[in-house]
>>> print(open('input-v4.csv').read())   # CSV, C-alpha atoms
chain,number,residue,atom,x,y,z
A,33,MET,CA,-47.6,-54.1,120.5
A,34,GLN,CA,-47.8,-56.5,123.4
A,35,PRO,CA,-48.7,-55.8,127.0
A,36,THR,CA,-45.7,-55.9,129.4
A,37,TYR,CA,-46.2,-57.5,132.7
A,38,THR,CA,-43.9,-57.0,135.7
A,39,GLU,CA,-41.9,-59.9,137.1
A,40,ALA,CA,-44.2,-59.9,140.1
A,41,ALA,CA,-47.2,-60.2,137.9
A,42,ALA,CA,-45.6,-63.1,136.0
A,43,ALA,CA,-44.9,-64.8,139.4
A,44,TYR,CA,-48.5,-64.3,140.4
A,45,ARG,CA,-49.7,-65.8,137.1
A,46,GLU,CA,-47.7,-69.0,137.9
A,47,LYS,CA,-49.3,-69.0,141.4
A,48,VAL,CA,-52.8,-68.8,139.8
A,49,GLN,CA,-52.0,-71.6,137.3
A,50,ALA,CA,-50.8,-73.8,140.2
A,51,PHE,CA,-54.1,-73.1,142.0
A,52,LEU,CA,-56.1,-74.1,139.0
A,53,ALA,CA,-54.1,-77.2,138.4
A,54,GLU,CA,-54.7,-78.2,142.1
A,55,HIS,CA,-58.4,-77.5,142.3
A,56,LEU,CA,-59.8,-78.4,138.8
A,57,PRO,CA,-60.9,-82.0,138.1
A,58,ALA,CA,-58.8,-84.1,135.8
A,59,GLY,CA,-59.7,-83.7,132.1
A,60,TRP,CA,-61.3,-80.3,132.7
A,61,GLU,CA,-62.4,-78.7,129.4
A,62,GLY,CA,-64.2,-75.6,130.6
A,63,ILE,CA,-67.6,-74.9,132.1
A,64,GLY,CA,-69.1,-74.5,128.6
A,65,ALA,CA,-68.7,-78.3,128.1
A,66,LEU,CA,-71.1,-79.0,131.0
A,67,ASP,CA,-74.9,-79.0,130.7
A,68,ALA,CA,-76.9,-76.4,132.6
A,69,ASP,CA,-77.4,-78.4,135.8
A,70,ALA,CA,-73.8,-79.6,136.0
A,71,ALA,CA,-72.6,-76.1,135.3
A,72,ALA,CA,-74.7,-74.7,138.1
A,73,SER,CA,-73.5,-77.4,140.5
A,74,PHE,CA,-69.9,-76.7,139.6
A,75,THR,CA,-70.3,-73.0,140.0
A,76,ARG,CA,-71.7,-73.3,143.5
A,77,GLN,CA,-68.8,-75.5,144.6
A,78,TRP,CA,-66.2,-73.4,142.8
A,79,ARG,CA,-67.6,-70.3,144.5
A,80,ASP,CA,-67.0,-71.9,147.9
A,81,THR,CA,-63.4,-72.8,146.8
A,82,LEU,CA,-62.7,-69.2,145.7
A,83,ARG,CA,-64.2,-67.9,149.0
A,84,ASP,CA,-62.1,-70.2,151.1
A,85,ASN,CA,-58.9,-69.1,149.2
A,86,ARG,CA,-59.8,-65.4,149.3
A,87,LEU,CA,-60.1,-65.3,145.5
A,88,LEU,CA,-63.8,-64.4,145.3
A,89,ALA,CA,-63.6,-60.7,145.6
A,90,ALA,CA,-59.8,-60.7,145.2
A,91,SER,CA,-59.4,-56.9,144.7
A,92,TRP,CA,-61.3,-56.0,147.8
A,93,PRO,CA,-59.2,-55.0,150.9
A,94,THR,CA,-58.3,-57.9,153.2
A,95,GLU,CA,-60.3,-56.4,156.1
A,96,TYR,CA,-63.5,-57.0,154.1
A,97,GLY,CA,-62.7,-60.5,152.9
A,98,GLY,CA,-60.7,-59.8,149.8
A,99,ALA,CA,-57.1,-60.5,148.9
A,100,GLY,CA,-56.1,-56.9,148.4
A,101,LEU,CA,-54.8,-57.7,144.9
A,102,SER,CA,-53.4,-54.9,142.8
A,103,ALA,CA,-55.2,-54.0,139.6
A,104,LEU,CA,-52.6,-55.9,137.6
A,105,GLU,CA,-52.9,-59.0,139.7
A,106,SER,CA,-56.7,-58.9,139.4
A,107,VAL,CA,-56.3,-58.8,135.6
A,108,VAL,CA,-53.9,-61.7,135.6
A,109,LEU,CA,-56.3,-63.7,137.8
A,110,ALA,CA,-59.2,-63.0,135.5
A,111,GLU,CA,-57.2,-63.8,132.4
A,112,GLU,CA,-56.1,-67.2,133.7
A,113,PHE,CA,-59.7,-68.0,134.9
A,114,GLU,CA,-61.1,-67.1,131.5
A,115,ARG,CA,-58.5,-69.2,129.7
A,116,ALA,CA,-59.2,-72.2,132.0
A,117,GLY,CA,-63.0,-71.8,131.4
A,118,VAL,CA,-63.9,-71.3,135.1
A,119,PRO,CA,-66.1,-68.5,136.5
A,120,THR,CA,-64.8,-65.8,138.8
A,121,GLY,CA,-67.9,-66.1,141.1
A,122,GLY,CA,-71.5,-67.2,141.4
A,123,SER,CA,-74.5,-66.5,139.2
A,124,ASN,CA,-75.3,-63.1,140.8
A,125,ASP,CA,-71.7,-62.0,141.8
A,126,ALA,CA,-71.5,-59.5,138.9
A,127,PHE,CA,-74.2,-57.6,140.8
A,128,SER,CA,-73.1,-58.5,144.3
A,129,ILE,CA,-69.3,-58.0,144.0
A,130,GLN,CA,-68.5,-56.1,140.9
A,131,MET,CA,-71.3,-53.6,141.2
A,132,VAL,CA,-72.8,-53.0,144.6
A,133,GLY,CA,-69.9,-54.3,146.6
A,134,ASN,CA,-67.4,-52.0,144.9
A,135,THR,CA,-69.9,-49.2,145.2
A,136,ILE,CA,-70.3,-49.7,149.0
A,137,ILE,CA,-66.5,-49.7,149.3
A,138,GLU,CA,-66.5,-46.4,147.4
A,139,TRP,CA,-69.5,-44.7,149.0
A,140,GLY,CA,-70.6,-46.6,152.0
A,141,THR,CA,-70.1,-45.9,155.7
A,142,GLU,CA,-67.7,-48.0,157.7
A,143,GLU,CA,-70.7,-49.6,159.4
A,144,GLN,CA,-72.3,-50.5,156.0
A,145,LYS,CA,-69.0,-52.0,154.8
A,146,ARG,CA,-68.6,-54.1,157.9
A,147,HIS,CA,-72.2,-55.3,157.7
A,148,PHE,CA,-72.8,-56.0,153.9
A,149,LEU,CA,-69.4,-56.9,152.5
A,150,PRO,CA,-68.8,-60.1,154.6
A,151,ARG,CA,-72.4,-61.2,153.8
A,152,ILE,CA,-71.7,-60.8,150.1
A,153,ILE,CA,-68.6,-62.9,150.4
A,154,SER,CA,-70.3,-65.6,152.3
A,155,GLY,CA,-73.2,-65.7,149.9
A,156,GLU,CA,-75.8,-64.9,152.6
A,157,ASP,CA,-76.8,-61.8,150.6
A,158,ILE,CA,-77.4,-62.2,146.9
A,159,TRP,CA,-78.0,-59.1,144.9
A,160,CYS,CA,-79.7,-57.8,141.8
A,161,GLN,CA,-80.1,-54.4,140.2
A,162,GLY,CA,-83.2,-52.1,140.4
A,163,TYR,CA,-82.6,-49.3,137.9
A,164,SER,CA,-84.7,-49.4,134.7
A,165,GLU,CA,-88.5,-48.9,134.7
A,166,PRO,CA,-91.1,-49.0,132.0
A,167,ASN,CA,-90.9,-45.2,131.6
A,168,ALA,CA,-87.2,-44.8,132.6
A,169,GLY,CA,-84.9,-47.0,130.5
A,170,SER,CA,-82.7,-44.9,128.3
A,171,ASP,CA,-83.8,-41.8,130.3
A,172,LEU,CA,-82.9,-43.3,133.7
A,173,GLY,CA,-83.4,-39.9,135.4
A,174,ASN,CA,-87.1,-40.2,134.7
A,175,LEU,CA,-87.5,-43.0,137.2
A,176,GLY,CA,-90.6,-42.9,139.3
A,177,CYS,CA,-90.3,-45.7,141.9
A,178,ARG,CA,-90.9,-43.7,145.1
A,179,ALA,CA,-89.5,-44.0,148.6
A,180,ALA,CA,-90.8,-42.1,151.6
A,181,LEU,CA,-89.3,-42.0,155.1
A,182,ASP,CA,-91.6,-43.3,157.8
A,183,GLY,CA,-89.9,-43.3,161.2
A,184,ASP,CA,-86.9,-45.6,161.0
A,185,GLU,CA,-87.9,-47.1,157.6
A,186,TRP,CA,-88.2,-46.2,154.0
A,187,ILE,CA,-91.4,-47.2,152.3
A,188,ILE,CA,-91.0,-48.1,148.6
A,189,ASN,CA,-93.7,-48.2,146.0
A,190,GLY,CA,-93.3,-48.6,142.2
A,191,GLN,CA,-91.9,-51.0,139.6
A,192,LYS,CA,-88.5,-52.0,138.1
A,193,ILE,CA,-88.0,-54.0,134.9
A,194,TRP,CA,-85.3,-56.0,133.2
A,195,THR,CA,-84.1,-57.1,136.6
A,196,SER,CA,-81.4,-59.7,135.6
A,197,ALA,CA,-81.3,-62.7,137.9
A,198,GLY,CA,-83.8,-61.1,140.2
A,199,HIS,CA,-85.5,-64.4,140.8
A,200,LEU,CA,-82.2,-65.6,142.4
A,201,ALA,CA,-81.6,-62.6,144.7
A,202,ASN,CA,-82.7,-61.8,148.2
A,203,TRP,CA,-81.4,-58.1,148.1
A,204,ILE,CA,-81.8,-55.4,145.5
A,205,PHE,CA,-80.0,-52.1,145.2
A,206,VAL,CA,-82.7,-49.8,144.0
A,207,LEU,CA,-82.9,-46.2,142.7
A,208,THR,CA,-85.9,-44.4,144.2
A,209,ARG,CA,-87.4,-41.0,143.9
A,210,THR,CA,-87.4,-39.4,147.3
A,211,ASP,CA,-88.0,-35.7,146.3
A,212,PRO,CA,-90.4,-35.4,143.3
A,213,ASP,CA,-90.2,-31.6,143.4
A,214,ALA,CA,-86.4,-31.5,143.0
A,215,PRO,CA,-84.7,-31.4,139.6
A,216,LYS,CA,-85.1,-34.9,138.2
A,217,HIS,CA,-81.5,-36.1,138.7
A,218,ARG,CA,-81.2,-34.6,142.2
A,219,GLY,CA,-84.3,-36.1,143.8
A,220,ILE,CA,-83.0,-39.7,143.7
A,221,THR,CA,-81.7,-41.9,146.5
A,222,PHE,CA,-79.8,-45.2,146.3
A,223,LEU,CA,-81.3,-47.7,148.6
A,224,LEU,CA,-80.5,-51.3,149.7
A,225,CYS,CA,-83.7,-53.3,150.1
A,226,PRO,CA,-84.3,-56.9,151.2
A,227,MET,CA,-86.5,-58.8,148.8
A,228,ASP,CA,-87.7,-61.5,151.1
A,229,GLN,CA,-90.8,-59.6,152.2
A,230,ARG,CA,-94.5,-59.3,151.3
A,231,GLY,CA,-94.0,-56.0,149.6
A,232,VAL,CA,-91.7,-57.3,146.9
A,233,GLU,CA,-93.0,-59.4,143.9
A,234,VAL,CA,-90.8,-60.8,141.2
A,235,ARG,CA,-92.3,-61.8,137.8
A,236,PRO,CA,-90.2,-63.5,135.1
A,237,ILE,CA,-90.0,-62.1,131.6
A,238,GLU,CA,-89.6,-64.8,128.9
A,239,MET,CA,-86.8,-64.0,126.5
A,240,ILE,CA,-86.5,-64.8,122.7
A,241,THR,CA,-84.5,-67.8,123.6
A,242,GLY,CA,-87.2,-69.2,125.8
A,243,GLU,CA,-85.3,-68.5,129.0
A,244,SER,CA,-86.3,-66.1,131.8
A,245,GLU,CA,-83.2,-64.5,133.2
A,246,PHE,CA,-84.9,-61.1,133.3
A,247,ASN,CA,-87.7,-60.1,135.6
A,248,GLU,CA,-90.2,-57.4,136.6
A,249,VAL,CA,-90.1,-56.3,140.3
A,250,PHE,CA,-93.0,-54.7,142.0
A,251,PHE,CA,-92.8,-52.8,145.3
A,252,THR,CA,-96.0,-52.4,147.3
A,253,ASP,CA,-95.2,-50.7,150.7
A,254,ALA,CA,-91.9,-52.6,150.8
A,255,ARG,CA,-89.7,-51.6,153.7
A,256,THR,CA,-86.0,-51.1,154.4
A,257,SER,CA,-84.1,-49.5,157.2
A,258,ARG,CA,-83.4,-45.8,157.1
A,259,HIS,CA,-79.7,-46.7,157.4
A,260,ASN,CA,-79.7,-48.5,154.1
A,261,VAL,CA,-79.0,-45.3,152.1
A,262,ILE,CA,-75.7,-45.4,150.1
A,263,GLY,CA,-74.3,-41.9,149.8
A,264,GLU,CA,-76.7,-39.0,150.6
A,265,VAL,CA,-80.5,-38.8,150.6
A,266,ASN,CA,-81.4,-37.2,147.2
A,267,GLY,CA,-77.8,-37.6,146.1
A,268,GLY,CA,-78.2,-41.1,144.6
A,269,TRP,CA,-77.5,-40.1,141.0
A,270,ALA,CA,-73.7,-39.8,141.6
A,271,VAL,CA,-73.7,-43.2,143.4
A,272,ALA,CA,-75.7,-44.7,140.5
A,273,MET,CA,-73.2,-43.4,138.0
A,274,THR,CA,-70.3,-44.8,140.0
A,275,LEU,CA,-71.9,-48.3,140.0
A,276,LEU,CA,-72.5,-48.0,136.2
A,277,GLY,CA,-68.8,-47.3,135.8
A,278,PHE,CA,-67.9,-50.5,137.6
A,279,GLU,CA,-70.5,-52.4,135.5
A,280,ARG,CA,-69.2,-51.1,132.2
A,281,GLY,CA,-65.5,-50.6,132.8
A,282,GLU,CA,-64.0,-53.0,135.3
A,283,ALA,CA,-64.0,-56.0,132.9
A,284,ALA,CA,-62.5,-54.1,130.0
A,285,ALA,CA,-59.1,-55.5,130.5
A,286,THR,CA,-60.2,-59.1,130.7
A,287,THR,CA,-63.3,-59.5,128.5
A,288,PRO,CA,-61.2,-59.4,125.3
A,289,VAL,CA,-59.9,-62.8,126.4
A,290,ALA,CA,-63.4,-64.3,126.2
A,291,PHE,CA,-64.1,-62.7,122.8
A,292,ARG,CA,-60.8,-64.0,121.4
A,293,GLY,CA,-61.7,-67.5,122.6
A,294,GLU,CA,-65.1,-67.2,120.9
A,295,LEU,CA,-63.5,-65.9,117.7
A,296,ASP,CA,-61.0,-68.8,117.6
A,297,ARG,CA,-64.0,-71.1,117.9
A,298,LEU,CA,-65.7,-69.3,114.9
A,299,PHE,CA,-62.5,-69.9,112.8
A,300,GLU,CA,-62.8,-73.6,113.6
A,301,LEU,CA,-66.5,-73.5,112.6
A,302,ALA,CA,-65.6,-71.9,109.2
A,303,ARG,CA,-62.8,-74.4,108.7
A,304,ASP,CA,-64.8,-77.4,109.6
A,305,ARG,CA,-67.5,-76.4,107.1
A,306,GLY,CA,-65.1,-75.7,104.3
A,307,ARG,CA,-66.0,-72.0,104.1
A,308,LEU,CA,-62.5,-70.5,104.3
A,309,ASP,CA,-62.2,-70.4,100.5
A,310,ASP,CA,-65.0,-67.9,100.3
A,311,PRO,CA,-63.3,-64.5,99.9
A,312,ARG,CA,-66.2,-62.5,101.3
A,313,LEU,CA,-66.4,-64.7,104.3
A,314,ARG,CA,-62.6,-64.4,104.8
A,315,GLN,CA,-63.0,-60.6,104.7
A,316,ARG,CA,-65.6,-60.7,107.4
A,317,LEU,CA,-63.4,-63.0,109.6
A,318,ALA,CA,-60.5,-60.6,109.1
A,319,TRP,CA,-62.7,-57.7,110.2
A,320,CYS,CA,-63.6,-59.6,113.3
A,321,TYR,CA,-60.0,-60.4,114.1
A,322,SER,CA,-59.1,-56.7,113.8
A,323,LYS,CA,-61.9,-55.7,116.1
A,324,VAL,CA,-60.9,-58.2,118.8
A,325,GLU,CA,-57.4,-56.9,118.6
A,326,ILE,CA,-58.6,-53.3,119.0
A,327,MET,CA,-60.7,-54.5,121.9
A,328,ARG,CA,-57.6,-55.8,123.5
A,329,TYR,CA,-55.9,-52.5,123.2
A,330,LEU,CA,-58.9,-50.7,124.7
A,331,GLY,CA,-58.5,-53.2,127.6
A,332,MET,CA,-54.8,-52.3,128.0
A,333,ARG,CA,-55.8,-48.6,128.3
A,334,THR,CA,-58.3,-49.4,131.0
A,335,LEU,CA,-55.7,-51.4,132.8
A,336,THR,CA,-53.2,-48.5,132.6
A,337,GLN,CA,-55.9,-46.3,134.1
A,338,PHE,CA,-56.5,-48.7,137.0
A,339,LEU,CA,-52.8,-49.0,137.7
A,340,GLY,CA,-52.7,-45.2,137.8
A,341,GLY,CA,-55.4,-45.3,140.6
A,342,SER,CA,-58.4,-43.9,138.6
A,343,ARG,CA,-61.8,-45.4,138.8
A,344,PRO,CA,-64.0,-46.2,135.8
A,345,GLY,CA,-65.9,-43.1,134.6
A,346,ALA,CA,-67.7,-41.9,131.5
A,347,GLU,CA,-65.0,-43.4,129.3
A,348,ALA,CA,-66.2,-46.9,130.3
A,349,SER,CA,-69.0,-46.3,127.8
A,350,ILE,CA,-66.4,-46.6,125.0
A,351,PHE,CA,-65.8,-50.3,125.8
A,352,LYS,CA,-69.5,-51.1,126.4
A,353,LEU,CA,-70.5,-49.7,123.0
A,354,TYR,CA,-67.5,-51.3,121.3
A,355,TRP,CA,-68.0,-54.9,122.5
A,356,SER,CA,-71.8,-55.0,122.2
A,357,GLU,CA,-71.9,-53.7,118.6
A,358,TYR,CA,-69.0,-56.0,117.6
A,359,HIS,CA,-70.8,-59.0,119.2
A,360,ARG,CA,-73.9,-58.4,117.2
A,361,LYS,CA,-72.0,-58.6,113.9
A,362,VAL,CA,-69.7,-61.5,114.8
A,363,THR,CA,-72.7,-63.7,115.8
A,364,GLU,CA,-74.5,-62.7,112.5
A,365,LEU,CA,-71.4,-64.1,110.7
A,366,ALA,CA,-71.7,-67.3,112.7
A,367,VAL,CA,-75.3,-67.7,111.6
A,368,ASP,CA,-74.3,-67.1,108.0
A,369,ILE,CA,-71.6,-69.8,108.3
A,370,LEU,CA,-74.1,-72.3,109.8
A,371,GLY,CA,-76.4,-71.6,106.8
A,372,ALA,CA,-79.5,-73.8,106.8
A,373,ASP,CA,-78.2,-75.7,109.9
A,374,GLY,CA,-79.0,-72.5,111.9
A,375,MET,CA,-82.7,-73.4,111.6
A,376,HIS,CA,-82.2,-76.5,113.7
A,377,LEU,CA,-80.9,-76.2,117.3
A,378,ALA,CA,-78.5,-79.1,117.7
A,379,GLY,CA,-76.5,-79.4,121.0
A,380,LYS,CA,-77.1,-77.2,124.0
A,381,LEU,CA,-77.9,-73.5,124.4
A,382,PRO,CA,-75.4,-71.3,126.2
A,383,ASN,CA,-75.4,-71.6,130.0
A,384,SER,CA,-75.8,-67.8,130.3
A,385,ALA,CA,-77.8,-65.2,128.4
A,386,PHE,CA,-74.9,-62.7,128.6
A,387,SER,CA,-71.9,-62.1,126.4
A,388,THR,CA,-70.1,-65.1,124.8
A,389,ASP,CA,-70.8,-68.8,125.4
A,390,ALA,CA,-68.5,-70.2,128.0
A,391,ALA,CA,-65.0,-71.6,127.3
A,392,GLY,CA,-65.3,-75.3,126.4
A,393,ALA,CA,-68.5,-74.9,124.5
A,394,ARG,CA,-68.9,-77.0,121.4
A,395,ASN,CA,-69.5,-75.6,117.9
A,396,ASP,CA,-73.1,-76.7,117.9
A,397,SER,CA,-75.8,-74.7,116.2
A,398,ALA,CA,-77.6,-74.3,119.5
A,399,SER,CA,-74.6,-72.6,121.1
A,400,TRP,CA,-74.2,-70.1,118.2
A,401,ILE,CA,-77.9,-69.4,117.7
A,402,GLY,CA,-78.4,-68.9,121.4
A,403,THR,CA,-75.4,-66.5,121.5
A,404,PHE,CA,-76.7,-64.8,118.3
A,405,LEU,CA,-80.1,-64.1,120.0
A,406,ASN,CA,-78.5,-62.9,123.2
A,407,ALA,CA,-76.1,-60.6,121.4
A,408,ARG,CA,-79.1,-58.3,120.5
A,409,ALA,CA,-79.7,-57.8,124.2
A,410,GLY,CA,-76.1,-56.8,124.6
A,411,THR,CA,-76.7,-53.5,122.8
A,412,ILE,CA,-79.5,-52.7,125.3
A,413,TYR,CA,-78.6,-54.0,128.8
A,414,ALA,CA,-76.0,-52.0,130.8
A,415,GLY,CA,-77.0,-48.9,128.7
A,416,THR,CA,-78.2,-48.9,125.1
A,417,SER,CA,-75.8,-48.1,122.3
A,418,GLN,CA,-77.6,-44.8,121.7
A,419,VAL,CA,-77.1,-43.7,125.3
A,420,GLN,CA,-73.4,-44.8,125.2
A,421,ARG,CA,-72.8,-42.7,122.1
A,422,ASN,CA,-74.3,-39.6,123.8
A,423,ILE,CA,-72.2,-40.2,126.9
A,424,ILE,CA,-69.0,-40.5,124.8
A,425,GLY,CA,-69.8,-37.5,122.7
A,426,GLU,CA,-70.8,-35.2,125.6
A,427,MET,CA,-68.7,-36.4,128.5
A,428,VAL,CA,-65.6,-37.9,126.9
A,429,LEU,CA,-65.2,-35.9,123.7
A,430,GLY,CA,-66.7,-32.6,125.1
A,431,LEU,CA,-69.1,-32.1,122.1
A,432,PRO,CA,-72.0,-29.8,122.5
A,433,LYS,CA,-75.0,-31.4,124.2
A,434,GLU,CA,-78.0,-32.1,122.1
A,435,PRO,CA,-81.2,-30.2,122.8
A,436,ARG,CA,-83.2,-32.3,125.2
A,437,ALA,CA,-86.6,-32.2,126.9
A,438,ASP,CA,-85.7,-34.3,130.0
A,439,THR,CA,-84.3,-31.6,132.2
A,440,GLY,CA,-86.0,-29.7,135.0
A,441,ALA,CA,-88.1,-31.2,137.8
A,442,TRP,CA,-89.4,-34.7,137.5
A,443,LYS,CA,-93.0,-35.0,136.4
A,444,ASP,CA,-95.1,-38.1,137.1
A,445,THR,CA,-96.3,-39.9,134.0
A,446,PRO,CA,-100.0,-39.2,133.3
A,447,LYS,CA,-102.2,-42.2,134.0
>>> encode(input="input-v4.csv", output="structure tokens")
Amino acid sequence: MQPTYTEAAAAYREKVQAFLAEHLPAGWEGIGALDADAAASFTRQWRDTLRDNRLLAASWPTEYGGAGLSALESVVLAEEFERAGVPTGGSNDAFSIQMVGNTIIEWGTEEQKRHFLPRIISGEDIWCQGYSEPNAGSDLGNLGCRAALDGDEWIINGQKIWTSAGHLANWIFVLTRTDPDAPKHRGITFLLCPMDQRGVEVRPIEMITGESEFNEVFFTDARTSRHNVIGEVNGGWAVAMTLLGFERGEAAATTPVAFRGELDRLFELARDRGRLDDPRLRQRLAWCYSKVEIMRYLGMRTLTQFLGGSRPGAEASIFKLYWSEYHRKVTELAVDILGADGMHLAGKLPNSAFSTDAAGARNDSASWIGTFLNARAGTIYAGTSQVQRNIIGEMVLGLPKEPRADTGAWKDTPK
């Protein structure tokens, strides 16, 4: 089985390839071949190029700065960018464009769209995500960060944790509890809050790799306009779930390209180290190949849904669970192939703490060990594997819900 693209999609692919040939430097190998500083510099310049050519948020309507691409054209664009080893945006654009931008298009007022979306495109507003808390991770409905309306402003007090790239952002979309007496999932409001103010403090969290891409965020009488509610007051849960659908599902049709590129590099690693004669290792490599192919078919299904006009919903959890559990195992295999060399970090670590190393990365031990360590986080961020299994069982397969003690009104955690 192979995906079938329309003639129009094939013509658009040629157009994207011509764009890449025109704008990439001679001898380009992929952003993974650059060191961290050079990759950051290239990404900033490349983002400007994409913005100037309306390819930054290409699926957005043209009136908001996008190119109005169809779902199929968006997939073709992402496929070609992945194969070329170039990013589709800047460091925080997964939050700015894919998550909150798409959510504003779905739920926002026309005034909110006209204000925020152009600022996302220009890079004036850089976003991060304020969901998880120390007592509200897997049980997000238990969040306790409060917001109270005071005249024309919301006053926010509380804490968020695991805020990816929060140190780079100047805005945060934050789930807040605005009615502590309502049932816990109904007293939540989705707010947009500026971070450049005294009431917001960002503290880095050091990861196992030594990097600090995650943060804690503390709100102490932080303020935002009363007009910065997306959706309804106390109706933020539905908005939050829409955003998670975009986070988990929109990349399902293109992410398999990155995992296939990583697997090809793993085959090279095994070949270069003379390990392909080991029957047990060959069996594990064959398992990885079959899983990447299944991932590709899952992506095709997602693409079919997009072409049919549906938005990502609970079924997006299938892909999130699949890729994160696969990635944990394939990186364990990489470490086994490295053997004793895995105890010494040679080369450079991945430029990002998320998913695969970038296209163009070398088969250095540092690349694989860094990806191996980051893969563990993949089973936690964007929803733990345990939560994804519950969502799939209850909301996709229609299985009976497990008995749970997290229903009813929200209750503050005892001090």
>>> closest_atom_pairs(input="input-v4.csv", of="range 114-185 of chain A", to="range 237-254 of chain A", cutoff="12 Å", atoms="only C-alpha atoms", output="CSV")
residue,atom,partner,partner_atom,distance
A:Ser123,CA,A:Glu245,CA,10.8
A:Asn124,CA,A:Glu245,CA,11.1
A:Cys160,CA,A:Asn247,CA,10.4
A:Gln161,CA,A:Val249,CA,10.2
A:Gly162,CA,A:Val249,CA,8.1
A:Tyr163,CA,A:Val249,CA,10.5
A:Ser164,CA,A:Glu248,CA,9.9
A:Glu165,CA,A:Glu248,CA,8.9
A:Pro166,CA,A:Glu248,CA,9.6
A:Gly176,CA,A:Phe251,CA,11.8
A:Cys177,CA,A:Phe251,CA,8.3
A:Arg178,CA,A:Phe251,CA,9.3
A:Ala179,CA,A:Asp253,CA,9.0
A:Ala180,CA,A:Asp253,CA,9.7
A:Leu181,CA,A:Asp253,CA,11.4
A:Asp182,CA,A:Asp253,CA,10.9
A:Glu185,CA,A:Ala254,CA,9.6
>>> residues_near_point(input="input-v4.csv", point="(-53.5, -57.8, 140.3)", cutoff="10 Å", atoms="only C-alpha atoms", output="PyMOL selection string")
chain A and resi 40-41+44-45+90-91+99-110+339
>>> atom_distance(input="input-v4.csv", atom1="CA of Trp92 in chain A", atom2="CA of Leu207 in chain A")
24.3 Å
>>> residues_around(input="input-v4.csv", residues="Asp304 in chain A", least_positions_apart="3", cutoff="12 Å", atoms="all atoms listed in the file", output="PyMOL selection string")
chain A and resi 297-301+307-309+369-370+395-396
>>> residues_near_point(input="input-v4.csv", point="(-66.0, -73.1, 126.8)", cutoff="8 Å", atoms="all atoms listed in the file", output="PDB file with C-alpha atoms, keeping the file's coordinate frame")
ATOM      1  CA  GLU A  61     -62.400 -78.700 129.400  1.00  0.00           C
ATOM      2  CA  GLY A  62     -64.200 -75.600 130.600  1.00  0.00           C
ATOM      3  CA  ILE A  63     -67.600 -74.900 132.100  1.00  0.00           C
ATOM      4  CA  GLY A  64     -69.100 -74.500 128.600  1.00  0.00           C
ATOM      5  CA  ALA A  65     -68.700 -78.300 128.100  1.00  0.00           C
ATOM      6  CA  GLY A 117     -63.000 -71.800 131.400  1.00  0.00           C
ATOM      7  CA  ASP A 389     -70.800 -68.800 125.400  1.00  0.00           C
ATOM      8  CA  ALA A 390     -68.500 -70.200 128.000  1.00  0.00           C
ATOM      9  CA  ALA A 391     -65.000 -71.600 127.300  1.00  0.00           C
ATOM     10  CA  GLY A 392     -65.300 -75.300 126.400  1.00  0.00           C
ATOM     11  CA  ALA A 393     -68.500 -74.900 124.500  1.00  0.00           C
ATOM     12  CA  ARG A 394     -68.900 -77.000 121.400  1.00  0.00           C
TER      13      ARG A 394
END
>>> closest_residue(input="input-v4.csv", among="A:Leu429, A:Leu317, A:Ala72, A:Ala290", to="Arg303 in chain A", atoms="all atoms listed in the file")
A:Leu317
>>> atom_distance(input="input-v4.csv", atom1="CA of Gly267 in chain A", atom2="CA of Trp194 in chain A")
23.7 Å
